[in-house]
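**Student:** Below is entry_19.cif; it holds mmCIF, C-alpha atoms and all ligand atoms.
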```cif
data_model
#
loop_
_atom_site.group_PDB
_atom_site.id
_atom_site.type_symbol
_atom_site.label_atom_id
_atom_site.label_comp_id
_atom_site.auth_asym_id
_atom_site.auth_seq_id
_atom_site.Cartn_x
_atom_site.Cartn_y
_atom_site.Cartn_z
ATOM 1 C CA MET J 1 69.326 -66.022 -67.015
ATOM 2 C CA ALA J 2 66.787 -63.248 -67.365
ATOM 3 C CA THR J 3 68.229 -59.793 -67.832
ATOM 4 C CA GLU J 4 67.507 -57.703 -64.775
ATOM 5 C CA ARG J 5 69.111 -54.489 -65.878
ATOM 6 C CA ILE J 6 70.145 -53.188 -69.239
ATOM 7 C CA GLU J 7 72.139 -50.145 -70.268
ATOM 8 C CA LEU J 8 70.930 -47.688 -72.878
ATOM 9 C CA GLU J 9 73.512 -45.479 -74.538
ATOM 10 C CA ILE J 10 72.002 -42.092 -75.349
ATOM 11 C CA GLY J 11 74.534 -39.845 -77.027
ATOM 12 C CA ASP J 12 77.387 -39.485 -74.555
ATOM 13 C CA ARG J 13 75.324 -40.699 -71.612
ATOM 14 C CA VAL J 14 74.375 -44.122 -70.316
ATOM 15 C CA VAL J 15 71.159 -44.880 -68.441
ATOM 16 C CA LYS J 16 70.636 -48.195 -66.652
ATOM 17 C CA ILE J 17 67.110 -49.545 -66.846
ATOM 18 C CA SER J 18 66.206 -51.899 -64.019
ATOM 19 C CA ASN J 19 63.290 -54.312 -64.395
ATOM 20 C CA PRO J 20 63.184 -53.696 -68.173
ATOM 21 C CA ALA J 21 60.677 -56.526 -68.686
ATOM 22 C CA ARG J 22 58.140 -55.240 -66.149
ATOM 23 C CA VAL J 23 54.813 -54.786 -67.926
ATOM 24 C CA TYR J 24 53.714 -51.137 -67.696
ATOM 25 C CA PHE J 25 50.774 -51.127 -70.157
ATOM 26 C CA SER J 26 48.406 -54.024 -69.718
ATOM 27 C CA ALA J 27 46.335 -53.662 -72.908
ATOM 28 C CA ARG J 28 49.105 -54.842 -75.241
ATOM 29 C CA GLY J 29 51.766 -55.668 -72.695
ATOM 30 C CA GLU J 30 54.411 -53.019 -73.368
ATOM 31 C CA THR J 31 57.168 -53.008 -70.786
ATOM 32 C CA LYS J 32 59.259 -50.410 -69.033
ATOM 33 C CA LEU J 33 61.925 -50.921 -71.708
ATOM 34 C CA ASP J 34 59.303 -50.403 -74.431
ATOM 35 C CA LEU J 35 58.406 -47.108 -72.748
ATOM 36 C CA ALA J 36 62.066 -46.016 -72.774
ATOM 37 C CA ARG J 37 62.346 -47.003 -76.444
ATOM 38 C CA TYR J 38 59.165 -45.049 -77.240
ATOM 39 C CA TYR J 39 60.618 -41.879 -75.708
ATOM 40 C CA LEU J 40 63.881 -42.406 -77.619
ATOM 41 C CA SER J 41 61.870 -42.699 -80.841
ATOM 42 C CA VAL J 42 60.378 -39.219 -80.272
ATOM 43 C CA ALA J 43 63.452 -37.820 -78.496
ATOM 44 C CA ASP J 44 63.662 -34.470 -80.324
ATOM 45 C CA GLY J 45 59.942 -33.877 -79.801
ATOM 46 C CA ILE J 46 59.782 -34.655 -76.092
ATOM 47 C CA VAL J 47 62.969 -32.686 -75.356
ATOM 48 C CA ASN J 48 61.579 -29.683 -77.264
ATOM 49 C CA ALA J 49 58.345 -29.900 -75.264
ATOM 50 C CA LEU J 50 60.137 -30.061 -71.894
ATOM 51 C CA TYR J 51 63.238 -27.971 -72.569
ATOM 52 C CA HIS J 52 64.309 -25.894 -69.536
ATOM 53 C CA ARG J 53 60.860 -26.186 -67.927
ATOM 54 C CA PRO J 54 60.306 -27.242 -64.321
ATOM 55 C CA CYS J 55 58.749 -30.664 -64.784
ATOM 56 C CA MET J 56 56.415 -32.625 -62.573
ATOM 57 C CA LEU J 57 56.544 -36.394 -62.995
ATOM 58 C CA HIS J 58 53.696 -38.891 -62.800
ATOM 59 C CA ARG J 59 55.375 -42.121 -61.760
ATOM 60 C CA PHE J 60 53.867 -45.601 -61.844
ATOM 61 C CA PRO J 61 56.336 -47.926 -60.110
ATOM 62 C CA ASP J 62 54.159 -50.999 -60.765
ATOM 63 C CA GLY J 63 52.921 -49.996 -64.203
ATOM 64 C CA VAL J 64 49.886 -47.882 -65.038
ATOM 65 C CA ASP J 65 47.391 -50.249 -63.369
ATOM 66 C CA GLY J 66 49.183 -49.672 -60.071
ATOM 67 C CA GLU J 67 49.598 -46.727 -57.762
ATOM 68 C CA LYS J 68 50.426 -43.309 -59.230
ATOM 69 C CA VAL J 69 52.971 -41.014 -57.583
ATOM 70 C CA HIS J 70 52.826 -37.270 -58.287
ATOM 71 C CA GLN J 71 56.428 -36.133 -57.976
ATOM 72 C CA LYS J 72 57.505 -32.513 -58.002
ATOM 73 C CA ARG J 73 60.941 -32.897 -56.424
ATOM 74 C CA LEU J 74 63.644 -34.670 -58.386
ATOM 75 C CA PRO J 75 63.755 -38.304 -57.231
ATOM 76 C CA HIS J 76 66.833 -39.297 -55.220
ATOM 77 C CA GLY J 77 69.776 -40.982 -56.870
ATOM 78 C CA ALA J 78 70.029 -38.826 -59.989
ATOM 79 C CA PRO J 79 73.278 -38.981 -61.962
ATOM 80 C CA PRO J 80 75.410 -35.812 -61.801
ATOM 81 C CA TRP J 81 74.448 -34.703 -65.321
ATOM 82 C CA ILE J 82 70.751 -34.350 -64.456
ATOM 83 C CA GLU J 83 69.791 -30.671 -64.155
ATOM 84 C CA THR J 84 67.114 -29.143 -61.969
ATOM 85 C CA VAL J 85 65.262 -25.854 -61.663
ATOM 86 C CA ARG J 86 64.176 -24.461 -58.301
ATOM 87 C CA VAL J 87 60.597 -23.337 -57.851
ATOM 88 C CA HIS J 88 58.981 -21.788 -54.793
ATOM 89 C CA PHE J 89 55.672 -22.874 -53.287
ATOM 90 C CA PRO J 90 54.370 -19.841 -51.393
ATOM 91 C CA ARG J 91 51.497 -21.711 -49.763
ATOM 92 C CA PHE J 92 53.972 -23.940 -47.943
ATOM 93 C CA ASN J 93 56.854 -21.445 -48.046
ATOM 94 C CA ARG J 94 59.047 -24.180 -49.447
ATOM 95 C CA ASP J 95 61.280 -24.638 -52.461
ATOM 96 C CA ALA J 96 61.516 -27.675 -54.666
ATOM 97 C CA ASP J 97 64.132 -28.648 -57.233
ATOM 98 C CA GLU J 98 62.254 -30.093 -60.193
ATOM 99 C CA LEU J 99 63.640 -32.008 -63.148
ATOM 100 C CA CYS J 100 64.873 -29.684 -65.926
ATOM 101 C CA VAL J 101 65.227 -31.591 -69.187
ATOM 102 C CA THR J 102 68.065 -30.570 -71.520
ATOM 103 C CA HIS J 103 68.959 -33.925 -73.152
ATOM 104 C CA PRO J 104 67.077 -37.118 -74.147
ATOM 105 C CA ALA J 105 68.955 -39.069 -71.476
ATOM 106 C CA ASP J 106 67.164 -36.983 -68.812
ATOM 107 C CA VAL J 107 63.836 -38.284 -70.111
ATOM 108 C CA ILE J 108 65.080 -41.871 -70.089
ATOM 109 C CA TRP J 109 66.436 -41.507 -66.556
ATOM 110 C CA ALA J 110 62.974 -40.308 -65.517
ATOM 111 C CA VAL J 111 61.560 -43.476 -67.125
ATOM 112 C CA GLN J 112 64.075 -45.504 -65.109
ATOM 113 C CA MET J 113 62.483 -43.774 -62.080
ATOM 114 C CA SER J 114 59.126 -45.158 -63.361
ATOM 115 C CA THR J 115 57.893 -41.900 -64.887
ATOM 116 C CA VAL J 116 55.178 -42.357 -67.496
ATOM 117 C CA GLU J 117 53.753 -38.809 -67.771
ATOM 118 C CA PHE J 118 55.688 -35.533 -68.038
ATOM 119 C CA HIS J 119 53.898 -32.382 -66.849
ATOM 120 C CA PRO J 120 56.033 -29.290 -67.503
ATOM 121 C CA TRP J 121 55.390 -25.751 -66.324
ATOM 122 C CA ASN J 122 54.399 -23.088 -68.865
ATOM 123 C CA SER J 123 57.588 -21.168 -68.037
ATOM 124 C CA ARG J 124 61.308 -21.908 -68.218
ATOM 125 C CA ARG J 125 64.191 -21.769 -65.804
ATOM 126 C CA GLU J 126 65.386 -18.426 -67.205
ATOM 127 C CA ASP J 127 62.345 -16.870 -65.476
ATOM 128 C CA VAL J 128 59.928 -19.339 -63.935
ATOM 129 C CA GLU J 129 57.520 -16.558 -62.893
ATOM 130 C CA SER J 130 56.946 -15.346 -66.495
ATOM 131 C CA PRO J 131 55.256 -17.964 -68.708
ATOM 132 C CA ASP J 132 56.331 -18.230 -72.334
ATOM 133 C CA GLU J 133 53.487 -20.615 -73.186
ATOM 134 C CA TRP J 134 49.758 -19.903 -73.287
ATOM 135 C CA ARG J 135 47.817 -23.155 -73.079
ATOM 136 C CA ILE J 136 44.328 -23.485 -74.522
ATOM 137 C CA ASP J 137 42.815 -26.618 -72.993
ATOM 138 C CA LEU J 138 39.585 -27.844 -74.610
ATOM 139 C CA ASP J 139 38.015 -30.107 -72.024
ATOM 140 C CA PRO J 140 34.869 -32.038 -72.954
ATOM 141 C CA MET J 141 32.383 -32.458 -70.105
ATOM 142 C CA PRO J 142 31.217 -36.074 -69.568
ATOM 143 C CA ALA J 143 28.448 -36.078 -72.218
ATOM 144 C CA ALA J 144 30.510 -34.195 -74.825
ATOM 145 C CA SER J 145 32.470 -36.015 -77.501
ATOM 146 C CA TYR J 146 35.662 -35.467 -79.424
ATOM 147 C CA ALA J 147 33.396 -34.241 -82.269
ATOM 148 C CA ASP J 148 32.231 -31.400 -79.976
ATOM 149 C CA VAL J 149 35.835 -30.576 -79.114
ATOM 150 C CA ARG J 150 36.612 -30.530 -82.817
ATOM 151 C CA ARG J 151 33.831 -27.981 -83.457
ATOM 152 C CA VAL J 152 35.246 -25.735 -80.747
ATOM 153 C CA SER J 153 38.744 -26.134 -82.201
ATOM 154 C CA VAL J 154 37.513 -24.581 -85.465
ATOM 155 C CA ILE J 155 36.452 -21.467 -83.529
ATOM 156 C CA VAL J 156 39.779 -21.448 -81.684
ATOM 157 C CA GLN J 157 41.678 -21.649 -84.961
ATOM 158 C CA GLU J 158 39.659 -18.767 -86.480
ATOM 159 C CA LEU J 159 40.079 -16.572 -83.429
ATOM 160 C CA LEU J 160 43.818 -17.216 -83.199
ATOM 161 C CA ALA J 161 44.154 -16.254 -86.878
ATOM 162 C CA GLU J 162 42.242 -13.019 -86.212
ATOM 163 C CA LEU J 163 44.599 -12.250 -83.339
ATOM 164 C CA GLY J 164 47.673 -13.043 -85.417
ATOM 165 C CA ALA J 165 48.694 -15.904 -83.116
ATOM 166 C CA VAL J 166 49.972 -19.283 -84.260
ATOM 167 C CA GLY J 167 48.550 -22.201 -82.293
ATOM 168 C CA TYR J 168 50.060 -25.672 -82.073
ATOM 169 C CA PRO J 169 47.386 -28.323 -81.475
ATOM 170 C CA LYS J 170 47.788 -31.724 -79.895
ATOM 171 C CA THR J 171 45.519 -34.380 -78.527
ATOM 172 C CA SER J 172 45.341 -34.399 -74.741
ATOM 173 C CA GLY J 173 45.620 -38.169 -74.555
ATOM 174 C CA GLY J 174 41.955 -38.322 -73.573
ATOM 175 C CA LYS J 175 38.983 -36.869 -75.499
ATOM 176 C CA GLY J 176 40.282 -33.304 -75.401
ATOM 177 C CA LEU J 177 42.617 -31.084 -77.367
ATOM 178 C CA HIS J 178 45.329 -28.674 -76.269
ATOM 179 C CA VAL J 179 46.519 -25.736 -78.335
ATOM 180 C CA TYR J 180 49.813 -24.119 -77.301
ATOM 181 C CA VAL J 181 50.904 -20.616 -78.241
ATOM 182 C CA ARG J 182 54.405 -19.306 -77.625
ATOM 183 C CA ILE J 183 54.243 -15.875 -75.946
ATOM 184 C CA VAL J 184 56.685 -13.150 -74.988
ATOM 185 C CA PRO J 185 57.528 -13.888 -71.339
ATOM 186 C CA ASP J 186 56.803 -10.400 -70.053
ATOM 187 C CA HIS J 187 53.760 -11.083 -67.860
ATOM 188 C CA GLY J 188 53.291 -13.089 -64.677
ATOM 189 C CA HIS J 189 50.996 -16.094 -64.305
ATOM 190 C CA PRO J 190 47.934 -14.035 -63.194
ATOM 191 C CA ASP J 191 47.976 -11.946 -66.392
ATOM 192 C CA VAL J 192 48.559 -14.954 -68.641
ATOM 193 C CA ARG J 193 45.560 -16.571 -66.989
ATOM 194 C CA ARG J 194 43.462 -13.380 -67.461
ATOM 195 C CA ALA J 195 44.409 -13.349 -71.153
ATOM 196 C CA ALA J 196 43.462 -17.034 -71.448
ATOM 197 C CA TRP J 197 40.155 -16.244 -69.713
ATOM 198 C CA ALA J 198 39.371 -13.363 -72.097
ATOM 199 C CA PHE J 199 40.098 -15.646 -75.065
ATOM 200 C CA ALA J 200 37.892 -18.383 -73.598
ATOM 201 C CA ARG J 201 35.031 -15.897 -73.132
ATOM 202 C CA GLU J 202 35.260 -14.858 -76.775
ATOM 203 C CA VAL J 203 35.214 -18.525 -77.834
ATOM 204 C CA GLU J 204 32.164 -19.005 -75.594
ATOM 205 C CA ARG J 205 30.365 -16.068 -77.288
ATOM 206 C CA ARG J 206 30.969 -17.597 -80.713
ATOM 207 C CA ALA J 207 30.202 -21.200 -79.817
ATOM 208 C CA ASP J 208 26.420 -21.059 -79.749
ATOM 209 C CA GLY J 209 26.040 -22.748 -76.372
ATOM 210 C CA LEU J 210 28.616 -25.459 -76.975
ATOM 211 C CA VAL J 211 31.161 -23.824 -74.646
ATOM 212 C CA ASP J 212 30.243 -23.338 -70.984
ATOM 213 C CA LEU J 213 32.664 -21.453 -68.732
ATOM 214 C CA THR J 214 30.632 -21.850 -65.542
ATOM 215 C CA TRP J 215 33.096 -21.954 -62.646
ATOM 216 C CA TRP J 216 31.928 -25.081 -60.824
ATOM 217 C CA ARG J 217 32.250 -28.239 -62.856
ATOM 218 C CA LYS J 218 29.011 -29.659 -61.423
ATOM 219 C CA ASP J 219 27.099 -26.613 -62.695
ATOM 220 C CA ARG J 220 28.313 -26.884 -66.291
ATOM 221 C CA ASP J 221 26.213 -28.291 -69.123
ATOM 222 C CA PRO J 222 27.398 -31.933 -69.323
ATOM 223 C CA GLY J 223 27.256 -31.786 -73.109
ATOM 224 C CA SER J 224 29.514 -28.736 -73.315
ATOM 225 C CA VAL J 225 33.214 -28.117 -73.743
ATOM 226 C CA PHE J 226 35.097 -26.206 -71.049
ATOM 227 C CA VAL J 227 37.946 -23.982 -72.229
ATOM 228 C CA ASP J 228 40.077 -24.493 -69.144
ATOM 229 C CA TYR J 229 41.916 -21.198 -68.730
ATOM 230 C CA ASN J 230 42.939 -22.312 -65.234
ATOM 231 C CA GLN J 231 45.627 -24.450 -66.822
ATOM 232 C CA ASN J 232 47.527 -21.174 -67.116
ATOM 233 C CA ALA J 233 47.593 -20.638 -63.360
ATOM 234 C CA ARG J 234 50.903 -20.933 -61.553
ATOM 235 C CA ASP J 235 51.970 -24.508 -60.841
ATOM 236 C CA HIS J 236 49.122 -25.973 -62.894
ATOM 237 C CA THR J 237 50.520 -28.415 -65.388
ATOM 238 C CA ILE J 238 49.199 -30.687 -68.119
ATOM 239 C CA ALA J 239 50.822 -33.570 -69.954
ATOM 240 C CA SER J 240 53.290 -32.356 -72.568
ATOM 241 C CA ALA J 241 53.393 -33.114 -76.259
ATOM 242 C CA TYR J 242 54.607 -36.720 -76.701
ATOM 243 C CA SER J 243 53.908 -37.519 -73.054
ATOM 244 C CA VAL J 244 52.417 -40.967 -72.656
ATOM 245 C CA ARG J 245 49.309 -41.043 -70.462
ATOM 246 C CA GLY J 246 48.900 -43.509 -67.632
ATOM 247 C CA THR J 247 46.333 -45.674 -69.405
ATOM 248 C CA PRO J 248 46.507 -49.416 -70.192
ATOM 249 C CA GLU J 249 46.659 -48.546 -73.921
ATOM 250 C CA GLY J 250 49.580 -46.117 -73.490
ATOM 251 C CA VAL J 251 47.778 -43.303 -75.293
ATOM 252 C CA VAL J 252 50.055 -40.390 -76.199
ATOM 253 C CA SER J 253 49.425 -36.640 -76.311
ATOM 254 C CA ALA J 254 50.011 -36.305 -80.044
ATOM 255 C CA PRO J 255 50.805 -33.113 -81.968
ATOM 256 C CA LEU J 256 48.496 -32.711 -84.964
ATOM 257 C CA ARG J 257 48.328 -30.456 -87.971
ATOM 258 C CA TRP J 258 45.193 -28.297 -87.902
ATOM 259 C CA ASP J 259 43.868 -30.111 -90.959
ATOM 260 C CA GLU J 260 44.220 -33.479 -89.222
ATOM 261 C CA ILE J 261 41.916 -32.585 -86.323
ATOM 262 C CA ALA J 262 38.721 -33.353 -88.247
ATOM 263 C CA ASP J 263 39.575 -36.974 -89.010
ATOM 264 C CA ALA J 264 41.802 -37.798 -86.066
ATOM 265 C CA ASP J 265 40.816 -40.282 -83.392
ATOM 266 C CA PRO J 266 42.827 -39.531 -80.249
ATOM 267 C CA LYS J 267 42.831 -43.232 -79.317
ATOM 268 C CA ASP J 268 44.893 -44.016 -82.405
ATOM 269 C CA PHE J 269 48.006 -42.314 -81.018
ATOM 270 C CA THR J 270 49.769 -44.713 -78.662
ATOM 271 C CA ILE J 271 53.286 -45.798 -77.766
ATOM 272 C CA ALA J 272 52.743 -48.519 -80.380
ATOM 273 C CA THR J 273 51.837 -46.171 -83.263
ATOM 274 C CA MET J 274 53.637 -42.884 -82.535
ATOM 275 C CA PRO J 275 57.205 -43.980 -83.399
ATOM 276 C CA ALA J 276 56.268 -44.630 -87.046
ATOM 277 C CA ARG J 277 54.265 -41.402 -87.223
ATOM 278 C CA PHE J 278 57.152 -39.400 -85.767
ATOM 279 C CA ALA J 279 59.591 -40.980 -88.218
ATOM 280 C CA GLU J 280 57.269 -39.941 -91.016
ATOM 281 C CA VAL J 281 56.079 -36.430 -90.047
ATOM 282 C CA GLY J 282 58.727 -35.366 -87.517
ATOM 283 C CA ASP J 283 57.968 -32.952 -84.683
ATOM 284 C CA LEU J 284 54.953 -30.852 -85.689
ATOM 285 C CA HIS J 285 55.737 -28.451 -82.820
ATOM 286 C CA ALA J 286 59.399 -28.029 -83.810
ATOM 287 C CA ASP J 287 59.063 -24.378 -84.847
ATOM 288 C CA ILE J 288 56.817 -23.199 -82.002
ATOM 289 C CA ASP J 289 59.593 -20.898 -80.729
ATOM 290 C CA ASP J 290 59.602 -19.051 -84.080
ATOM 291 C CA ASN J 291 56.033 -17.763 -83.704
ATOM 292 C CA VAL J 292 55.903 -15.617 -80.607
ATOM 293 C CA TYR J 293 52.707 -13.789 -79.715
ATOM 294 C CA ARG J 294 52.139 -10.762 -77.486
ATOM 295 C CA LEU J 295 49.151 -10.937 -75.133
ATOM 296 C CA ASP J 296 48.382 -7.175 -75.274
ATOM 297 C CA GLN J 297 45.079 -7.437 -77.131
ATOM 298 C CA LEU J 298 43.786 -10.273 -74.951
ATOM 299 C CA LEU J 299 44.717 -8.290 -71.842
ATOM 300 C CA GLU J 300 42.725 -5.352 -73.259
ATOM 301 C CA TRP J 301 39.780 -7.710 -73.699
ATOM 302 C CA ALA J 302 40.202 -8.859 -70.111
ATOM 303 C CA ASP J 303 40.210 -5.212 -68.925
ATOM 304 C CA ARG J 304 37.091 -4.551 -71.009
ATOM 305 C CA ASP J 305 35.235 -7.609 -69.709
ATOM 306 C CA GLU J 306 36.128 -6.779 -66.137
ATOM 307 C CA ARG J 307 34.990 -3.169 -66.618
ATOM 308 C CA ASP J 308 31.855 -3.656 -68.736
ATOM 309 C CA HIS J 309 30.462 -6.817 -67.263
ATOM 310 C CA LYS J 310 31.953 -6.642 -63.825
ATOM 311 C CA ALA J 311 33.164 -10.107 -64.651
ATOM 312 C CA ALA J 312 36.583 -11.285 -63.658
ATOM 313 C CA PRO J 313 38.045 -14.735 -63.646
ATOM 314 C CA PRO J 314 37.632 -16.227 -60.189
ATOM 315 C CA GLU J 315 40.879 -16.755 -58.341
ATOM 316 C CA ALA J 316 42.790 -19.889 -59.173
ATOM 317 C CA ASP J 317 43.110 -22.218 -56.219
HETATM 318 MN MN MN J 401 42.171 -30.948 -70.281
#
```
With the file now loaded, output its structure as structure tokens.

**Tutor:**
Amino acid sequence: MATERIELEIGDRVVKISNPARVYFSARGETKLDLARYYLSVADGIVNALYHRPCMLHRFPDGVDGEKVHQKRLPHGAPPWIETVRVHFPRFNRDADELCVTHPADVIWAVQMSTVEFHPWNSRREDVESPDEWRIDLDPMPAASYADVRRVSVIVQELLAELGAVGYPKTSGGKGLHVYVRIVPDHGHPDVRRAAWAFAREVERRADGLVDLTWWRKDRDPGSVFVDYNQNARDHTIASAYSVRGTPEGVVSAPLRWDEIADADPKDFTIATMPARFAEVGDLHADIDDNVYRLDQLLEWADRDERDHKAAPPEAD
């Protein structure tokens, strides 16, 4: 008889996986159980990336070729050990209790609820209104390539070094790169976004036309890279380190060393290849909490740009 439900023991917790043989990734045929096993293979990394953050889930109940469900509220039926963090949505004047990961079993329970992608906030439950993570999102426009993103990443690395900030790069899971910087959580989302905008403008100045910060996507040079400072706006989230993306190949957002960016091909990091890489190199973002940056200088740049050029970042939606 086919197994319809299996139990995974994760430390002192047990998670039941229903439909373990359901194919989630059509390119090679990995199943829901394979997805759970992938997340267990990178458990320390994914928990570190999500720890204490409100987390939005991208669920694919019929696998990634099927319908996607964007889920902010914790799905019903959670075991009592699952923790949540309450966030407020002013536009709707409503609260939502989002998943708050503290243990690998929380991640696996989310997989049981058909979660493929994990999209955490840039703040933690201790103070959800004060981000502790500045996210530099290098987004290639349609005619730009990973090679263009790579060229911009060199400028980003130089500028971070000048500022005395330590950036932690990862592939986005598509053609882009993300660089995360741990920051002192003493500013609200609007100031973190202004700092990210000031940094993006400086990258644009140094990038010789390769970076285009034009507000409307349709107006940007299609061969350019957008440094998407809006990812630092409140309630904007991107896939975390080690999050699988909802693609047939099960591409993963993979932490990289800076010196790997030049030769990396983002397509090479998948649920099939990442377990061996993680076993070999461990979590490249493990010490991100040890390198905490203050945004003061970037906020001075933002003040300067707003004053001198009458430029200010347009409001986030
Ligand atoms: Mn992006």

**Student:** Could you list the protein, DNA and RNA residues that have any atom within 12 Å of ligand MN 401 (chain J), counting all atoms listed in the file, and write them as a ChimeraX atom specification?

**Tutor:** /J:135-141,149,170-179,225-232,236-240,253

**Student:** Applied to this file, what does the PyMOL selection byres (((chain J and resi 222) around 9) and not hetatm) return in terms of residues, put as a VMD selection string?

**Tutor:** chain J and resid 140 to 144 217 to 221 223 to 225

**Student:** What's around J:Asp34 at 10 Å? Count all atoms listed in the file, leave out sequence neighbours fewer than 3 positions away in its own chain, and write the answer as an MDAnalysis selection string.

**Tutor:** chainID J and resid 20:25 29:31 37:40 271:272

**Student:** Could you write out as a PyMOL selection string the residues that the PyMOL selection byres (((chain J and resi 3-15) around 12) and not hetatm) matches in the shown file?

**Tutor:** chain J and resi 1-2+16-22+32-33+36-37+39-41+43+78-82+103-113

**Student:** With C-alpha atoms retained, write the just-selected residues as a tab-separated table (two decimals), in the frame of the given file.

**Tutor:**
```tsv
chain	number	residue	atom	x	y	z
J	1	MET	CA	69.33	-66.02	-67.02
J	2	ALA	CA	66.79	-63.25	-67.36
J	16	LYS	CA	70.64	-48.20	-66.65
J	17	ILE	CA	67.11	-49.54	-66.85
J	18	SER	CA	66.21	-51.90	-64.02
J	19	ASN	CA	63.29	-54.31	-64.40
J	20	PRO	CA	63.18	-53.70	-68.17
J	21	ALA	CA	60.68	-56.53	-68.69
J	22	ARG	CA	58.14	-55.24	-66.15
J	32	LYS	CA	59.26	-50.41	-69.03
J	33	LEU	CA	61.92	-50.92	-71.71
J	36	ALA	CA	62.07	-46.02	-72.77
J	37	ARG	CA	62.35	-47.00	-76.44
J	39	TYR	CA	60.62	-41.88	-75.71
J	40	LEU	CA	63.88	-42.41	-77.62
J	41	SER	CA	61.87	-42.70	-80.84
J	43	ALA	CA	63.45	-37.82	-78.50
J	78	ALA	CA	70.03	-38.83	-59.99
J	79	PRO	CA	73.28	-38.98	-61.96
J	80	PRO	CA	75.41	-35.81	-61.80
J	81	TRP	CA	74.45	-34.70	-65.32
J	82	ILE	CA	70.75	-34.35	-64.46
J	103	HIS	CA	68.96	-33.92	-73.15
J	104	PRO	CA	67.08	-37.12	-74.15
J	105	ALA	CA	68.96	-39.07	-71.48
J	106	ASP	CA	67.16	-36.98	-68.81
J	107	VAL	CA	63.84	-38.28	-70.11
J	108	ILE	CA	65.08	-41.87	-70.09
J	109	TRP	CA	66.44	-41.51	-66.56
J	110	ALA	CA	62.97	-40.31	-65.52
J	111	VAL	CA	61.56	-43.48	-67.12
J	112	GLN	CA	64.08	-45.50	-65.11
J	113	MET	CA	62.48	-43.77	-62.08
```

**Student:** To one decimal place, how far is atom CA of J:Asp65 from atom CA of J:Pro248 in Å?

**Tutor:**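 According to the coordinates, atom CA of J:Asp65 and atom CA of J:Pro248 are separated by 6.9 Å.
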
**Student:** Residues within 10 Å of stretch 71-74 of chain J, please, as a CSV table (one decimal) with C-alpha atoms, in the frame of the given file. Count only C-alpha atoms; anything in the same chain fewer than 4 positions from it doesn't count.

**Tutor:**
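Output file around27.csv follows:
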```
chain,number,residue,atom,x,y,z
J,54,PRO,CA,60.3,-27.2,-64.3
J,55,CYS,CA,58.7,-30.7,-64.8
J,56,MET,CA,56.4,-32.6,-62.6
J,57,LEU,CA,56.5,-36.4,-63.0
J,58,HIS,CA,53.7,-38.9,-62.8
J,59,ARG,CA,55.4,-42.1,-61.8
J,78,ALA,CA,70.0,-38.8,-60.0
J,82,ILE,CA,70.8,-34.4,-64.5
J,83,GLU,CA,69.8,-30.7,-64.2
J,84,THR,CA,67.1,-29.1,-62.0
J,85,VAL,CA,65.3,-25.9,-61.7
J,86,ARG,CA,64.2,-24.5,-58.3
J,87,VAL,CA,60.6,-23.3,-57.9
J,95,ASP,CA,61.3,-24.6,-52.5
J,96,ALA,CA,61.5,-27.7,-54.7
J,97,ASP,CA,64.1,-28.6,-57.2
J,98,GLU,CA,62.3,-30.1,-60.2
J,99,LEU,CA,63.6,-32.0,-63.1
J,100,CYS,CA,64.9,-29.7,-65.9
J,110,ALA,CA,63.0,-40.3,-65.5
J,113,MET,CA,62.5,-43.8,-62.1
J,115,THR,CA,57.9,-41.9,-64.9
J,119,HIS,CA,53.9,-32.4,-66.8
```

**Student:** Any idea what the distance is between atom CA of J:Trp215 and atom CA of J:Ile261?

**Tutor:** 27.4 Å

**Student:** Would you kindly translate the PyMOL selection byres (((chain J and resi 200-202) around 10) and not hetatm) into the concrete residues it picks from this file, as a PyMOL selection string?

**Tutor:** chain J and resi 136-138+155-156+159+194-199+203-207+211-213+226-229+298+301-302+305

**Student:** With distances taken over only C-alpha atoms, which residue among J:His189, J:Leu163, J:Arg91, J:Val69 lies nearest J:Asp127?

**Tutor:**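 Selected residue with least distance to J:Asp127: J:His189.
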
**Student:** One number please: atom CA of J:Asp235 to atom CA of J:Asp132, in Å, one decimal.

**Tutor:**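 About the pair atom CA of J:Asp235 and atom CA of J:Asp132: they are 13.8 Å apart.
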
**Student:** What's around J:Ile288 at 9 Å? Count all atoms listed in the file, leave out sequence neighbours fewer than 4 positions away in its own chain, and write the answer as a list of chain:residue names.

**Tutor:**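 In the requested form, the answer reads J:Val166, J:Gly167, J:Tyr168, J:Tyr180, J:Val181, J:Arg182, J:Leu284, J:Val292.
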
**Student:** Counting all atoms listed in the file, which residues have an atom no more than 8 Å from (48.0, -41.3, -66.4) in the file's coordinates? Please list them as a list in words.

**Tutor:**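 Answer for this query, in the requested form: His58, Val64, Lys68, Val116, Glu117, Val244, Arg245, Gly246 and Thr247 of chain J.
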